[in-house]
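Undergrad: Next up is a structure, given as structure tokens.
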Amino acid sequence: MVDAQASQRNLQLPQSSRDQRVENEGTEAVKFQKDKYLVVKGLLDEPLLGTIYAHAVKKSLSGSMALGDVQVPGTPSCYGDTFMEMLLELFRPRLERLTGLKLHPTYSYFRIYKHGDVLEEHTDRPSCEISLSLTLGFEAAKPWPIFFEVDNQPVPAELLPGDGIVFRGTELKHWRERFGGVRHGSVFLHYVDQNGPYAEWKYDKQRAFRAQARRVLAYAAGNILRALTSTVMASR
Ligand SMILES: [Fe+2]
């Protein structure tokens with residue numbers, strides 16, 4: 001069914017544009033396999049981008065989110081938000097083309113960072129083998145870079161709202177230095193390689209019925225969302 005939808009999207013593009021996109025994504029997959037990361041500009045745009053950022057900020061101000069985790073204490077964060085779970089499925093086909101891997105979704109996580117926050121250097125757990133960090137929006141004078149250690153050198157990635165970076169979360173150390181702005185929203189979408197060593201972490205090993213049912217509904221909604229935004233996605 002997914003392949004059929006992809007074919008339908010491709011039919012909306014002129015042959016030359018389709019060939020060019022496939023060629024570009026193939027080149028990017030080679031780059032990802034070599035570098036272990038890939039910046040993806042304009043992965044998400046309006047009106048969905050603003051809607052999701054507004055949802056994230058509103059939820060962070062509602063008092064319903066966890067206030068921090070081990071990595072960033074005191075900052076609102078949320079595991080498995082239904083809206084963000086939809087993005088897992090929305091982006092999965094494109095991320096498969098960009099990485100050259102068949103992917104299982106694991107989980108989503110978002111944070112609304114605040115002034116003074118720091119993300120300490122770390123690598124991620126197995127469920128984050130392939131991770132996308134997507135900037136939803138910010139209130140700051142300039143983009144807040146996320147750094148990666150590549151060949152023992154820090155490599156900054158400055159992401160505008162809607163930009164993302166896909167990377168090997170279990171392998172590449174990553175961090176953020178002190179945030180000087182007011183607010184910064186990021187969502188992390190995590191996957192595992194279907195043919196890799198962490199495939200068993202599909203759906204983050206959520207076996208409880210309610211969690212599984214929620215994910216199934218979110219993935220179904222993600223497919224619908226992808227169909228609705230197919231014109232936007234096809235134009236990339
Ligand atoms: Fe991380």
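Letters A, B, ... mark the chains of the structure tokens in the order given; residue numbers begin at 1 per chain; ligand numbers begin at 1, in order shown.
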Could you name the residues that touch stretch 102-118 of chain A at 7 Å or less, counting only C-alpha atoms, but leaving out those on the same chain fewer than 4 positions away, as a ChimeraX atom specification?

TA: /A:57,60,72,75-80,84-85,88,96,127,176-194,201-204

Undergrad: Could the residues of chain A that have an atom at most 7 Å from ligand 1 be listed as JSON lines, each with its closest atom pair and the distance in Å to one decimal, counting only C-alpha atoms and all ligand atoms and ordered by chain and ascending residue number?

TA:
{"residue": "A:His122", "atom": "CA", "partner": "ligand 1", "partner_atom_place_in_ligand_line": "1 (Fe)", "distance": 6.3}
{"residue": "A:Thr123", "atom": "CA", "partner": "ligand 1", "partner_atom_place_in_ligand_line": "1 (Fe)", "distance": 5.7}
{"residue": "A:Asp124", "atom": "CA", "partner": "ligand 1", "partner_atom_place_in_ligand_line": "1 (Fe)", "distance": 5.0}
{"residue": "A:Gly169", "atom": "CA", "partner": "ligand 1", "partner_atom_place_in_ligand_line": "1 (Fe)", "distance": 6.2}
{"residue": "A:His174", "atom": "CA", "partner": "ligand 1", "partner_atom_place_in_ligand_line": "1 (Fe)", "distance": 6.4}

Undergrad: Near A:Leu90, within 9 Å and counting only C-alpha atoms, which residues show up once chain neighbours fewer than 3 positions away are dropped, as an NGL selection string?

TA: :A and (85-87 or 93-94 or 219 or 221-227)

Undergrad: Taking the chain letters and numbering used in this document, name the residues of stretch 19-184 of chain A that DSSP puts in helix (DSSP H, G or I), as a PyMOL selection string.

TA: chain A and resi 19-35+48-61+82-99+126-128

Undergrad: Can you tell me, as a PDB file with C-alpha atoms, in the first residue's frame, which residues in stretch 33-218 of chain A count as strand (DSSP E or B) by DSSP?

TA:
ATOM      1  CA  TYR A  37      24.769  12.138   8.971  1.00  0.00           C
ATOM      2  CA  LEU A  38      22.908  14.197   6.410  1.00  0.00           C
ATOM      3  CA  VAL A  39      21.350  17.660   6.643  1.00  0.00           C
ATOM      4  CA  VAL A  40      17.917  17.835   5.038  1.00  0.00           C
ATOM      5  CA  ALA A  66       7.363  16.002  32.107  1.00  0.00           C
ATOM      6  CA  LEU A  67       9.654  18.733  33.352  1.00  0.00           C
ATOM      7  CA  GLY A  68      12.970  17.500  32.156  1.00  0.00           C
ATOM      8  CA  PRO A  73      16.673  18.732  33.553  1.00  0.00           C
ATOM      9  CA  GLY A  74      13.832  21.191  34.052  1.00  0.00           C
ATOM     10  CA  THR A  75      12.875  21.495  30.390  1.00  0.00           C
ATOM     11  CA  PRO A  76       9.498  20.264  29.101  1.00  0.00           C
ATOM     12  CA  SER A  77       9.853  17.035  27.144  1.00  0.00           C
ATOM     13  CA  CYS A  78       7.421  14.486  25.820  1.00  0.00           C
ATOM     14  CA  TYR A  79       7.776  10.859  24.742  1.00  0.00           C
ATOM     15  CA  LEU A 103      13.452   1.467   8.596  1.00  0.00           C
ATOM     16  CA  HIS A 104      11.229   0.495  11.499  1.00  0.00           C
ATOM     17  CA  PRO A 105       9.900   3.452  13.524  1.00  0.00           C
ATOM     18  CA  THR A 106      10.704   3.297  17.231  1.00  0.00           C
ATOM     19  CA  TYR A 107       9.496   6.447  18.985  1.00  0.00           C
ATOM     20  CA  SER A 108       9.202  10.224  18.895  1.00  0.00           C
ATOM     21  CA  TYR A 109      10.353  12.700  21.525  1.00  0.00           C
ATOM     22  CA  PHE A 110      10.124  16.455  21.617  1.00  0.00           C
ATOM     23  CA  ARG A 111      11.509  19.210  23.796  1.00  0.00           C
ATOM     24  CA  ILE A 112      10.821  22.882  24.150  1.00  0.00           C
ATOM     25  CA  TYR A 113      14.199  24.164  25.282  1.00  0.00           C
ATOM     26  CA  LYS A 114      14.491  27.323  27.352  1.00  0.00           C
ATOM     27  CA  LEU A 119      22.467  19.315  25.836  1.00  0.00           C
ATOM     28  CA  GLU A 120      25.424  17.379  27.109  1.00  0.00           C
ATOM     29  CA  GLU A 121      27.532  15.345  24.712  1.00  0.00           C
ATOM     30  CA  HIS A 122      26.125  11.849  24.320  1.00  0.00           C
ATOM     31  CA  ILE A 130      18.803   6.247  12.939  1.00  0.00           C
ATOM     32  CA  SER A 131      17.560   9.563  14.277  1.00  0.00           C
ATOM     33  CA  LEU A 132      16.133  12.694  12.786  1.00  0.00           C
ATOM     34  CA  SER A 133      16.428  15.938  14.738  1.00  0.00           C
ATOM     35  CA  LEU A 134      13.930  18.345  13.227  1.00  0.00           C
ATOM     36  CA  THR A 135      13.732  22.008  14.229  1.00  0.00           C
ATOM     37  CA  LEU A 136      10.110  23.033  14.678  1.00  0.00           C
ATOM     38  CA  GLY A 137      10.667  26.683  15.511  1.00  0.00           C
ATOM     39  CA  PHE A 138      12.480  29.034  17.832  1.00  0.00           C
ATOM     40  CA  GLU A 139      12.462  32.424  19.458  1.00  0.00           C
ATOM     41  CA  ILE A 146      23.583  21.047  17.212  1.00  0.00           C
ATOM     42  CA  PHE A 147      27.115  19.658  17.119  1.00  0.00           C
ATOM     43  CA  PHE A 148      28.348  16.253  15.979  1.00  0.00           C
ATOM     44  CA  GLU A 149      31.729  14.697  16.470  1.00  0.00           C
ATOM     45  CA  VAL A 150      32.995  13.670  13.061  1.00  0.00           C
ATOM     46  CA  GLN A 153      36.193  17.256  15.111  1.00  0.00           C
ATOM     47  CA  PRO A 154      33.040  19.159  16.168  1.00  0.00           C
ATOM     48  CA  VAL A 155      30.749  19.779  13.208  1.00  0.00           C
ATOM     49  CA  PRO A 156      27.899  22.250  13.809  1.00  0.00           C
ATOM     50  CA  ALA A 157      24.556  22.022  12.047  1.00  0.00           C
ATOM     51  CA  GLY A 164      16.403  18.394   9.909  1.00  0.00           C
ATOM     52  CA  ILE A 165      19.501  16.304  10.288  1.00  0.00           C
ATOM     53  CA  VAL A 166      19.367  12.533  10.056  1.00  0.00           C
ATOM     54  CA  PHE A 167      22.232  10.760  11.768  1.00  0.00           C
ATOM     55  CA  HIS A 174      26.143  14.985  19.581  1.00  0.00           C
ATOM     56  CA  TRP A 175      25.457  17.959  21.847  1.00  0.00           C
ATOM     57  CA  ARG A 176      24.288  21.551  22.039  1.00  0.00           C
ATOM     58  CA  ARG A 183      12.511  29.105  23.280  1.00  0.00           C
ATOM     59  CA  HIS A 184      13.508  26.368  20.876  1.00  0.00           C
ATOM     60  CA  GLY A 185      11.359  23.453  19.769  1.00  0.00           C
ATOM     61  CA  SER A 186      12.834  20.261  18.349  1.00  0.00           C
ATOM     62  CA  VAL A 187      11.346  16.873  17.675  1.00  0.00           C
ATOM     63  CA  PHE A 188      13.445  13.725  17.497  1.00  0.00           C
ATOM     64  CA  LEU A 189      12.144  10.933  15.316  1.00  0.00           C
ATOM     65  CA  HIS A 190      13.834   7.626  15.915  1.00  0.00           C
ATOM     66  CA  TYR A 191      14.122   4.498  13.759  1.00  0.00           C
ATOM     67  CA  VAL A 192      16.078   1.280  13.513  1.00  0.00           C
ATOM     68  CA  ASP A 193      17.435  -0.437  10.420  1.00  0.00           C
TER      69      ASP A 193
END

Undergrad: Expressed in Å to a single decimal, how great is the separation between atom CA of A:Leu101 and atom CA of A:Glu89?

TA: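 Separating atom CA of A:Leu101 from atom CA of A:Glu89 is a distance of 14.7 Å.
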
Undergrad: Which residue, A:Pro126, A:Gly196, A:Pro145, A:Gly162, has the smallest gap to A:Pro47 when you use only C-alpha atoms?

TA: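 Checking each of A:Pro126, A:Gly196, A:Pro145, A:Gly162 against A:Pro47, counting only C-alpha atoms, the winner is A:Gly162.
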
Undergrad: Measuring atom to atom with only C-alpha atoms, identify which of A:Lys36, A:Glu158, A:Asp81, A:Thr51 is nearest to A:Ser64.

TA: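 Using only C-alpha atoms, A:Ser64 sits closest to A:Asp81.
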
Undergrad: Just checking: using only C-alpha atoms, which residue out of A:Gly26, A:Gly100, A:Pro197, A:Pro143 ends up closest to A:Pro161?

TA: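 Among the listed residues, A:Pro143 lies closest to A:Pro161.
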